[in-house]
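Next comes entry-v5.txt, with compact mmCIF, C-alpha atoms.
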```txt
# COMPACT_ATOMS: atom_id res chain seq x y z
CA MET A 106 57.73 -39.36 -16.04
CA MET A 107 55.46 -42.24 -15.17
CA ALA A 108 54.56 -42.69 -11.50
CA THR A 109 55.09 -46.05 -9.79
CA GLU A 110 53.88 -47.74 -6.66
CA ASN A 111 57.27 -47.09 -5.06
CA THR A 112 57.14 -43.35 -5.64
CA ASN A 113 53.59 -43.27 -4.30
CA GLU A 114 54.55 -44.96 -1.03
CA SER A 115 55.82 -41.64 0.33
CA LYS A 116 52.63 -39.81 -0.65
CA LYS A 117 49.26 -39.57 1.03
CA PRO A 118 46.41 -40.54 -1.34
CA ILE A 119 44.01 -37.80 -2.37
CA LEU A 120 41.29 -40.44 -2.87
CA GLU A 121 41.05 -43.66 -0.86
CA VAL A 122 38.36 -46.33 -1.32
CA GLN A 123 38.23 -49.63 0.60
CA ASN A 124 35.77 -52.46 -0.10
CA LEU A 125 33.25 -50.42 -2.05
CA THR A 126 30.07 -52.32 -2.92
CA VAL A 127 27.23 -50.72 -4.88
CA ARG A 128 23.86 -52.45 -5.13
CA PHE A 129 20.60 -51.51 -6.79
CA ALA A 130 17.31 -52.72 -5.32
CA LEU A 131 15.28 -53.40 -8.47
CA ARG A 132 11.84 -54.86 -9.04
CA ASP A 133 13.35 -58.13 -10.27
CA GLY A 134 15.85 -58.38 -7.41
CA ASP A 135 19.11 -56.89 -6.18
CA LEU A 136 21.85 -56.13 -8.68
CA THR A 137 25.39 -55.80 -7.33
CA ALA A 138 27.06 -53.45 -9.81
CA VAL A 139 30.35 -53.09 -7.90
CA GLN A 140 31.74 -55.61 -5.42
CA ASP A 141 34.57 -55.08 -2.89
CA ALA A 142 36.47 -52.51 -4.96
CA SER A 143 39.53 -51.03 -3.26
CA PHE A 144 41.92 -48.49 -4.78
CA GLU A 145 43.85 -45.29 -4.16
CA LEU A 146 44.54 -42.21 -6.24
CA PHE A 147 47.55 -40.05 -5.48
CA PRO A 148 48.00 -36.29 -6.09
CA GLY A 149 48.98 -35.53 -9.66
CA GLU A 150 48.60 -39.17 -10.71
CA SER A 151 46.72 -40.44 -13.77
CA LEU A 152 44.74 -43.67 -13.31
CA GLY A 153 43.13 -45.55 -16.19
CA VAL A 154 40.03 -47.67 -15.47
CA VAL A 155 39.32 -50.19 -18.20
CA GLY A 156 36.63 -52.79 -18.89
CA GLU A 157 33.63 -53.72 -21.02
CA SER A 158 30.41 -51.75 -20.91
CA GLY A 159 28.46 -52.61 -17.76
CA CYS A 160 31.49 -53.75 -15.75
CA GLY A 161 31.00 -51.08 -13.06
CA LYS A 162 33.56 -48.46 -14.11
CA SER A 163 31.24 -45.46 -14.18
CA VAL A 164 29.15 -46.63 -11.20
CA THR A 165 32.31 -46.84 -9.08
CA PHE A 166 33.21 -43.20 -9.59
CA LEU A 167 29.64 -41.89 -9.60
CA SER A 168 29.51 -43.46 -6.13
CA VAL A 169 32.64 -41.54 -5.13
CA MET A 170 30.83 -38.34 -6.10
CA ARG A 171 27.63 -39.59 -4.42
CA LEU A 172 25.69 -39.22 -7.67
CA ILE A 173 24.05 -42.65 -7.44
CA PRO A 174 20.28 -42.17 -6.86
CA MET A 175 19.35 -43.56 -3.43
CA PRO A 176 17.00 -45.41 -3.65
CA PRO A 177 17.32 -47.63 -5.62
CA GLY A 178 21.10 -47.42 -5.11
CA ILE A 179 22.83 -48.61 -1.95
CA ILE A 180 26.48 -47.61 -1.38
CA GLU A 181 28.54 -49.51 1.19
CA ALA A 182 32.27 -49.20 1.94
CA ASN A 183 34.71 -49.65 4.79
CA ARG A 184 36.27 -46.37 3.79
CA MET A 185 35.69 -43.73 1.14
CA ARG A 186 37.76 -40.61 1.73
CA PHE A 187 38.69 -37.60 -0.35
CA ASP A 188 41.70 -35.70 1.02
CA GLY A 189 40.91 -37.11 4.48
CA PHE A 190 37.20 -36.15 4.25
CA ASP A 191 34.67 -38.95 4.78
CA VAL A 192 32.60 -38.90 1.59
CA LEU A 193 30.33 -41.75 2.68
CA SER A 194 28.89 -39.94 5.69
CA ALA A 195 28.89 -36.43 4.17
CA SER A 196 25.65 -34.48 3.92
CA ASN A 197 24.23 -33.42 0.55
CA ARG A 198 25.25 -29.84 1.32
CA GLU A 199 28.84 -30.88 1.97
CA MET A 200 28.93 -32.90 -1.23
CA ARG A 201 27.69 -29.93 -3.26
CA ARG A 202 30.73 -28.00 -2.06
CA ILE A 203 33.01 -30.79 -3.31
CA ARG A 204 31.38 -31.65 -6.65
CA GLY A 205 32.60 -29.44 -9.47
CA ASN A 206 34.99 -27.71 -7.09
CA LYS A 207 37.32 -30.31 -5.55
CA ILE A 208 36.23 -33.32 -7.62
CA SER A 209 35.01 -32.67 -11.14
CA MET A 210 33.73 -34.94 -13.89
CA VAL A 211 33.73 -34.97 -17.69
CA PHE A 212 30.65 -37.01 -18.56
CA GLN A 213 30.37 -39.47 -21.44
CA ASP A 214 28.25 -37.59 -23.95
CA PRO A 215 28.54 -33.79 -24.37
CA MET A 216 25.36 -33.90 -26.49
CA THR A 217 23.31 -34.76 -23.40
CA SER A 218 25.52 -33.19 -20.73
CA LEU A 219 25.23 -29.65 -22.09
CA ASN A 220 21.88 -27.89 -21.78
CA PRO A 221 20.59 -27.25 -25.33
CA VAL A 222 18.59 -24.13 -24.37
CA LEU A 223 21.37 -22.23 -22.56
CA THR A 224 24.38 -20.56 -24.10
CA ILE A 225 27.85 -21.96 -23.39
CA GLY A 226 28.65 -18.85 -21.36
CA LYS A 227 25.65 -19.29 -19.06
CA GLN A 228 26.54 -22.93 -18.41
CA MET A 229 30.19 -22.20 -17.69
CA GLU A 230 29.43 -19.29 -15.37
CA GLU A 231 27.18 -21.26 -13.01
CA SER A 232 29.86 -23.42 -11.40
CA ILE A 233 32.47 -20.63 -11.29
CA GLN A 234 30.03 -18.25 -9.58
CA LEU A 235 29.01 -20.90 -7.05
CA HIS A 236 32.47 -22.14 -6.07
CA LEU A 237 34.83 -19.21 -6.79
CA GLY A 238 32.46 -16.29 -6.19
CA LEU A 239 33.45 -14.44 -9.38
CA SER A 240 31.06 -12.08 -11.14
CA GLY A 241 30.93 -9.43 -13.84
CA ARG A 242 34.03 -8.83 -15.92
CA ALA A 243 36.20 -11.20 -13.85
CA LEU A 244 33.73 -14.05 -14.42
CA HIS A 245 33.54 -13.38 -18.15
CA MET A 246 37.33 -13.27 -18.55
CA ARG A 247 37.68 -16.50 -16.59
CA CYS A 248 35.39 -18.23 -19.11
CA VAL A 249 37.27 -16.74 -22.06
CA SER A 250 40.59 -17.88 -20.58
CA LEU A 251 39.31 -21.43 -20.02
CA LEU A 252 38.08 -21.80 -23.61
CA ASP A 253 41.37 -20.47 -24.89
CA LYS A 254 43.27 -22.92 -22.67
CA VAL A 255 41.47 -25.92 -24.19
CA GLY A 256 42.29 -24.74 -27.72
CA ILE A 257 38.95 -23.25 -28.80
CA SER A 258 39.27 -20.37 -31.27
CA ALA A 259 37.17 -17.19 -31.00
CA PRO A 260 36.19 -17.88 -27.35
CA GLU A 261 34.16 -14.67 -27.05
CA MET A 262 31.90 -15.83 -29.88
CA ARG A 263 31.65 -19.38 -28.51
CA LEU A 264 30.37 -18.14 -25.15
CA LYS A 265 27.34 -16.63 -26.91
CA ALA A 266 26.62 -19.77 -28.93
CA TYR A 267 24.48 -22.84 -28.14
CA PRO A 268 25.70 -26.47 -28.00
CA HIS A 269 23.98 -27.49 -31.26
CA GLN A 270 26.04 -24.92 -33.15
CA MET A 271 29.30 -26.75 -32.42
CA SER A 272 30.95 -30.02 -33.41
CA GLY A 273 31.35 -32.97 -31.05
CA GLY A 274 35.04 -32.24 -30.54
CA ILE A 275 34.40 -28.61 -29.60
CA ARG A 276 31.62 -29.61 -27.20
CA GLN A 277 33.95 -32.09 -25.51
CA ARG A 278 36.61 -29.38 -25.13
CA ILE A 279 33.97 -27.17 -23.53
CA MET A 280 33.11 -29.97 -21.10
CA ILE A 281 36.78 -30.25 -20.17
CA ALA A 282 37.00 -26.47 -19.66
CA MET A 283 33.95 -26.56 -17.39
CA ALA A 284 35.34 -29.50 -15.41
CA LEU A 285 38.66 -27.71 -14.83
CA SER A 286 37.15 -24.27 -14.24
CA CYS A 287 37.59 -24.40 -10.43
CA ASN A 288 41.04 -26.05 -10.45
CA PRO A 289 39.83 -29.38 -8.97
CA ALA A 290 42.15 -31.75 -7.12
CA VAL A 291 40.61 -34.73 -8.95
CA LEU A 292 39.22 -34.95 -12.48
CA LEU A 293 37.07 -37.94 -13.46
CA ALA A 294 36.91 -38.34 -17.25
CA ASP A 295 34.18 -40.85 -18.13
CA GLU A 296 34.63 -42.06 -21.74
CA PRO A 297 35.66 -38.53 -22.85
CA THR A 298 36.23 -39.65 -26.46
CA THR A 299 32.83 -41.28 -27.08
CA ALA A 300 31.50 -40.69 -30.63
CA LEU A 301 34.62 -38.79 -31.72
CA ASP A 302 36.78 -39.78 -34.68
CA VAL A 303 40.25 -41.23 -34.04
CA THR A 304 42.18 -38.01 -34.68
CA ILE A 305 39.99 -35.97 -32.34
CA GLN A 306 40.11 -38.74 -29.72
CA ASP A 307 43.87 -38.45 -29.52
CA GLN A 308 43.70 -34.66 -29.32
CA ILE A 309 41.22 -34.82 -26.43
CA LEU A 310 43.29 -37.39 -24.49
CA GLN A 311 46.49 -35.40 -24.95
CA LEU A 312 44.68 -32.20 -23.96
CA ILE A 313 43.42 -33.74 -20.70
CA ARG A 314 46.90 -35.11 -19.96
CA ALA A 315 48.63 -31.77 -20.60
CA LEU A 316 46.16 -29.59 -18.68
CA THR A 317 45.93 -31.83 -15.62
CA ARG A 318 49.71 -32.24 -15.50
CA ASP A 319 50.17 -28.45 -15.60
CA MET A 320 47.55 -27.97 -12.85
CA GLY A 321 48.75 -30.88 -10.71
CA THR A 322 45.30 -32.49 -10.93
CA ALA A 323 44.91 -36.21 -10.27
CA THR A 324 43.02 -37.83 -13.16
CA VAL A 325 40.86 -40.92 -13.59
CA LEU A 326 40.34 -41.88 -17.24
CA ILE A 327 37.41 -44.30 -17.57
CA THR A 328 37.32 -46.17 -20.88
CA HIS A 329 36.72 -49.54 -22.54
CA ASN A 330 39.80 -49.08 -24.70
CA LEU A 331 43.20 -50.12 -23.33
CA GLY A 332 44.86 -48.37 -26.25
CA ALA A 333 43.47 -45.04 -25.05
CA VAL A 334 45.26 -45.27 -21.69
CA ALA A 335 48.57 -46.64 -22.97
CA GLY A 336 50.36 -43.30 -23.24
CA THR A 337 48.25 -41.12 -20.97
CA THR A 338 48.14 -42.88 -17.57
CA ASP A 339 50.56 -43.86 -14.80
CA ARG A 340 48.55 -46.85 -13.54
CA ILE A 341 45.72 -48.99 -14.90
CA MET A 342 42.87 -50.75 -13.08
CA VAL A 343 40.99 -53.43 -15.02
CA MET A 344 37.39 -54.23 -14.02
CA TYR A 345 35.16 -57.14 -14.97
CA ALA A 346 31.59 -57.89 -13.78
CA GLY A 347 31.79 -55.28 -11.02
CA GLN A 348 35.15 -56.46 -9.64
CA ILE A 349 38.72 -55.23 -9.95
CA VAL A 350 40.64 -58.09 -11.56
CA GLU A 351 44.03 -56.45 -12.12
CA LYS A 352 45.91 -53.31 -11.03
CA ALA A 353 49.39 -52.33 -12.17
CA THR A 354 51.58 -49.51 -13.38
CA THR A 355 50.97 -48.91 -17.06
CA PRO A 356 54.35 -50.29 -18.20
CA ALA A 357 53.95 -53.41 -16.02
CA LEU A 358 50.44 -54.13 -17.29
CA PHE A 359 51.40 -53.89 -20.94
CA LYS A 360 54.64 -55.79 -20.47
CA ASP A 361 53.30 -58.66 -18.37
CA PRO A 362 49.47 -58.81 -18.03
CA ARG A 363 48.52 -61.70 -15.75
CA HIS A 364 44.73 -61.88 -15.81
CA PRO A 365 43.31 -63.75 -18.83
CA TYR A 366 40.72 -61.00 -19.30
CA THR A 367 43.41 -58.30 -19.50
CA GLN A 368 45.33 -60.47 -21.92
CA GLY A 369 42.21 -60.82 -24.07
CA LEU A 370 41.68 -57.06 -24.13
CA LEU A 371 45.26 -56.50 -25.22
CA ARG A 372 45.08 -59.19 -27.92
CA SER A 373 41.91 -57.59 -29.33
CA ILE A 374 43.69 -54.27 -30.03
CA PRO A 375 44.43 -54.00 -33.79
CA ARG A 376 48.18 -53.91 -34.42
CA VAL A 377 49.88 -53.58 -37.79
CA ASP A 378 52.90 -55.61 -36.69
CA ARG A 379 50.78 -58.57 -35.50
CA ASN A 380 47.37 -58.53 -37.18
CA SER A 381 48.31 -58.18 -40.82
CA GLY A 382 46.33 -60.80 -42.73
CA LYS A 383 44.96 -62.34 -39.54
CA ARG A 384 41.48 -62.37 -38.08
CA LEU A 385 41.20 -59.95 -35.14
CA PHE A 386 41.05 -61.74 -31.79
CA SER A 387 37.86 -61.55 -29.73
CA ILE A 388 37.04 -62.91 -26.28
CA SER A 389 34.47 -65.68 -26.60
CA GLY A 390 31.17 -65.59 -24.71
CA ALA A 391 29.58 -62.65 -22.92
CA PRO A 392 29.79 -61.04 -19.46
CA PRO A 393 27.47 -62.56 -16.82
CA ASP A 394 24.00 -61.18 -16.17
CA LEU A 395 24.59 -59.78 -12.67
CA LEU A 396 20.85 -59.60 -11.97
CA ARG A 397 20.05 -63.22 -12.80
CA GLU A 398 23.32 -65.11 -12.33
CA LYS A 399 24.76 -65.92 -8.91
CA ILE A 400 28.53 -66.05 -9.23
CA ARG A 401 30.38 -68.23 -6.75
CA GLY A 402 33.87 -68.31 -8.20
CA CYS A 403 35.72 -66.18 -10.71
CA ALA A 404 33.25 -64.19 -12.83
CA PHE A 405 35.46 -64.61 -15.90
CA ALA A 406 35.75 -68.41 -15.56
CA PRO A 407 33.03 -69.29 -18.17
CA ARG A 408 35.00 -67.36 -20.81
CA CYS A 409 38.52 -68.34 -19.69
CA GLU A 410 40.60 -70.98 -21.47
CA LEU A 411 42.60 -71.67 -18.27
CA ALA A 412 39.62 -72.11 -15.91
CA ASP A 413 39.17 -75.31 -13.89
CA ASP A 414 36.95 -76.41 -10.97
CA VAL A 415 38.82 -74.19 -8.50
CA CYS A 416 38.07 -71.12 -10.61
CA ILE A 417 34.39 -72.01 -10.93
CA GLU A 418 33.84 -72.77 -7.23
CA ASN A 419 36.04 -70.18 -5.48
CA ARG A 420 36.36 -66.47 -5.97
CA PRO A 421 40.01 -65.31 -6.09
CA SER A 422 41.09 -62.32 -4.04
CA LEU A 423 43.24 -59.49 -5.32
CA GLU A 424 46.80 -60.58 -4.53
CA ARG A 425 50.10 -58.72 -4.91
CA LEU A 426 52.48 -60.18 -7.47
CA SER A 427 55.02 -57.38 -7.11
CA PRO A 428 55.19 -53.87 -5.61
CA GLU A 429 53.60 -52.53 -8.79
CA HIS A 430 51.23 -55.33 -9.79
CA ASP A 431 48.06 -56.88 -8.20
CA VAL A 432 45.86 -59.52 -9.80
CA SER A 433 42.75 -61.52 -8.91
CA CYS A 434 43.28 -64.89 -10.63
CA TRP A 435 43.99 -68.45 -9.50
CA LYS A 436 46.11 -68.97 -12.61
CA ALA A 437 48.11 -65.73 -12.42
CA ALA A 438 51.41 -67.48 -11.69
CA ASP A 439 51.06 -69.54 -14.87
CA ALA A 440 49.34 -67.02 -17.15
CA LYS A 441 51.57 -65.50 -19.81
CA GLN A 442 50.64 -63.10 -22.56
CA GLN A 443 50.11 -64.98 -25.82
```
Starting from the file, give its structure as structure tokens.
Amino acid sequence: MMATENTNESKKPILEVQNLTVRFALRDGDLTAVQDASFELFPGESLGVVGESGCGKSVTFLSVMRLIPMPPGIIEANRMRFDGFDVLSASNREMRRIRGNKISMVFQDPMTSLNPVLTIGKQMEESIQLHLGLSGRALHMRCVSLLDKVGISAPEMRLKAYPHQMSGGIRQRIMIAMALSCNPAVLLADEPTTALDVTIQDQILQLIRALTRDMGTATVLITHNLGAVAGTTDRIMVMYAGQIVEKATTPALFKDPRHPYTQGLLRSIPRVDRNSGKRLFSISGAPPDLLREKIRGCAFAPRCELADDVCIENRPSLERLSPEHDVSCWKAADAKQQ
């Protein structure tokens, strides 16, 4: 059953972020990759984070794990807490206890995330030994059980193999097994279906959904594809140019998207019932260059058909339309899905 804002009101968030800003001090100037991002993640909930490449999705959650290199990165926030623990002021030693144990991540590309010169078994054992203290036969059986749980056949043989000996889909399943090996409270899946064919993409998404639901793990699914989060998330957060422009429960967002950017993303999804014989819709223009362009108003205004002088001169704040829907748009009251 899909979670809603109302059901979450009685829960305490496992992850709480208020006014997160992430900047990079570069040779050519400062680049603000994320600006004033605020959100919550509740136990057992699945949150989809959607937007174009470079919109700040991955940087936001790498910041939560404190994996942004500092320098050149600068992380600022009014609050960034995991299960009541202050992540922002935590020491590197404290963060090492959390990463891979309490908060785990499935990175974008298993080709580069897995070490090509170590066997799968060696790579899986490292985190389990560190966080759970298992060794010997117990450690080996834990790895076998994890590979079996993610649907990999002949797990004993796979543990002795190297990454290059396996397909992209199998490597991604191994990454999921490693991420869930210590029963984390939060799983961050960053573009987990990159470079996989459509059939395997669906299998991976359904696998993550099933495993995290069984374990009670809260999940963040980071993707550029709204179609990927349609049936696998409880809520969706849409980002554009480093800002959160819309947040809603999944049914509310698909039924009544109010930000023109969200509407454009939805219209660009191929649909047999709508697109037959028609040219596929695309959003005109390109995202702003955050290093060279100073944005005063709405970052999406240059690409928006509804934009006027107010949009160009003044930045809209994230306002609540209903208990399950927030949007950052001056034209939200008038915007209707086309």
Please indicate the distance in Å from atom CA of A:Gln123 to atom CA of A:Asn183, rounded to one decimal place.
5.5 Å
Excluding same-chain residues fewer than 2 positions from A:Lys254, what lies within 12 Å of it counting only C-alpha atoms, as a PyMOL selection string?
chain A and resi 247-252+256-260+278-279+281-283+285-286+312-313+315-317+319-320
For a cutoff of 9 Å around the file-coordinate point (30.2, -47.7, -10.6), which residues qualify once you count all atoms listed in the file? I'd like the result as an MDAnalysis selection string.
chainID A and resid 126:127 138:139 159:169 173 347
Tell me which of A:Ser196, A:Gly156, A:Asn206, A:Pro407 sits closest to A:Gln368, counting all atoms listed in the file.
A:Gly156
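Distance-wise, atom CA of A:Asp431 and atom CA of A:Pro118 end up 17.8 Å apart.
When atom CA of A:Gly189 is paired with atom CA of A:Asn288, their separation reads 18.6 Å.
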Write out as a list in words each polymer residue whose atoms come within 8 Å of A:Pro268, counting all atoms listed in the file; drop sequence neighbours fewer than 3 positions from it.
Met216, Leu219, Asn220, Pro221, Thr224, Ile225, Met271 and Arg276 of chain A
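Nearest-residue note for A:Glu261: choosing from A:Ile275, A:Met246, A:Ala335, A:Leu131, the minimum distance belongs to A:Met246, counting only C-alpha atoms.
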For A:Asn330, find every residue with an atom within 9 Å (counting all atoms listed in the file), except residues of its own chain fewer than 5 positions away, and show them as a VMD selection string.
chain A and resid 155 to 157 370 374
Kindly write stretch 275-290 of chain A with N, CA and C atoms to a file, as a PDB file, in the first residue's frame.
```pdb
ATOM      1  N   ILE A 275      23.764  -9.018 -13.731  1.00  0.00           N
ATOM      2  CA  ILE A 275      24.281  -9.776 -12.586  1.00  0.00           C
ATOM      3  C   ILE A 275      25.134  -8.875 -11.693  1.00  0.00           C
ATOM      4  N   ARG A 276      25.975  -8.038 -12.308  1.00  0.00           N
ATOM      5  CA  ARG A 276      26.797  -7.123 -11.506  1.00  0.00           C
ATOM      6  C   ARG A 276      25.926  -6.180 -10.691  1.00  0.00           C
ATOM      7  N   GLN A 277      24.823  -5.701 -11.282  1.00  0.00           N
ATOM      8  CA  GLN A 277      23.950  -4.801 -10.540  1.00  0.00           C
ATOM      9  C   GLN A 277      23.274  -5.530  -9.383  1.00  0.00           C
ATOM     10  N   ARG A 278      22.911  -6.785  -9.577  1.00  0.00           N
ATOM     11  CA  ARG A 278      22.335  -7.572  -8.489  1.00  0.00           C
ATOM     12  C   ARG A 278      23.357  -7.766  -7.358  1.00  0.00           C
ATOM     13  N   ILE A 279      24.609  -7.937  -7.746  1.00  0.00           N
ATOM     14  CA  ILE A 279      25.664  -8.066  -6.735  1.00  0.00           C
ATOM     15  C   ILE A 279      25.808  -6.765  -5.946  1.00  0.00           C
ATOM     16  N   MET A 280      25.730  -5.633  -6.640  1.00  0.00           N
ATOM     17  CA  MET A 280      25.797  -4.341  -5.955  1.00  0.00           C
ATOM     18  C   MET A 280      24.640  -4.181  -4.962  1.00  0.00           C
ATOM     19  N   ILE A 281      23.470  -4.639  -5.343  1.00  0.00           N
ATOM     20  CA  ILE A 281      22.317  -4.572  -4.441  1.00  0.00           C
ATOM     21  C   ILE A 281      22.538  -5.474  -3.228  1.00  0.00           C
ATOM     22  N   ALA A 282      23.065  -6.681  -3.475  1.00  0.00           N
ATOM     23  CA  ALA A 282      23.357  -7.602  -2.368  1.00  0.00           C
ATOM     24  C   ALA A 282      24.363  -6.994  -1.400  1.00  0.00           C
ATOM     25  N   MET A 283      25.397  -6.356  -1.923  1.00  0.00           N
ATOM     26  CA  MET A 283      26.402  -5.723  -1.070  1.00  0.00           C
ATOM     27  C   MET A 283      25.800  -4.570  -0.274  1.00  0.00           C
ATOM     28  N   ALA A 284      24.933  -3.790  -0.926  1.00  0.00           N
ATOM     29  CA  ALA A 284      24.324  -2.645  -0.251  1.00  0.00           C
ATOM     30  C   ALA A 284      23.402  -3.077   0.885  1.00  0.00           C
ATOM     31  N   LEU A 285      22.750  -4.225   0.724  1.00  0.00           N
ATOM     32  CA  LEU A 285      21.804  -4.702   1.735  1.00  0.00           C
ATOM     33  C   LEU A 285      22.431  -5.694   2.709  1.00  0.00           C
ATOM     34  N   SER A 286      23.726  -5.921   2.594  1.00  0.00           N
ATOM     35  CA  SER A 286      24.380  -6.986   3.365  1.00  0.00           C
ATOM     36  C   SER A 286      24.338  -6.775   4.874  1.00  0.00           C
ATOM     37  N   CYS A 287      24.249  -5.507   5.318  1.00  0.00           N
ATOM     38  CA  CYS A 287      24.246  -5.215   6.760  1.00  0.00           C
ATOM     39  C   CYS A 287      22.874  -4.747   7.249  1.00  0.00           C
ATOM     40  N   ASN A 288      21.837  -5.049   6.475  1.00  0.00           N
ATOM     41  CA  ASN A 288      20.465  -4.653   6.819  1.00  0.00           C
ATOM     42  C   ASN A 288      20.363  -3.163   7.138  1.00  0.00           C
ATOM     43  N   PRO A 289      20.689  -2.288   6.184  1.00  0.00           N
ATOM     44  CA  PRO A 289      20.678  -0.843   6.458  1.00  0.00           C
ATOM     45  C   PRO A 289      19.269  -0.313   6.686  1.00  0.00           C
ATOM     46  N   ALA A 290      19.181   0.809   7.396  1.00  0.00           N
ATOM     47  CA  ALA A 290      17.891   1.474   7.601  1.00  0.00           C
ATOM     48  C   ALA A 290      17.487   2.266   6.371  1.00  0.00           C
TER      49      ALA A 290
END
```
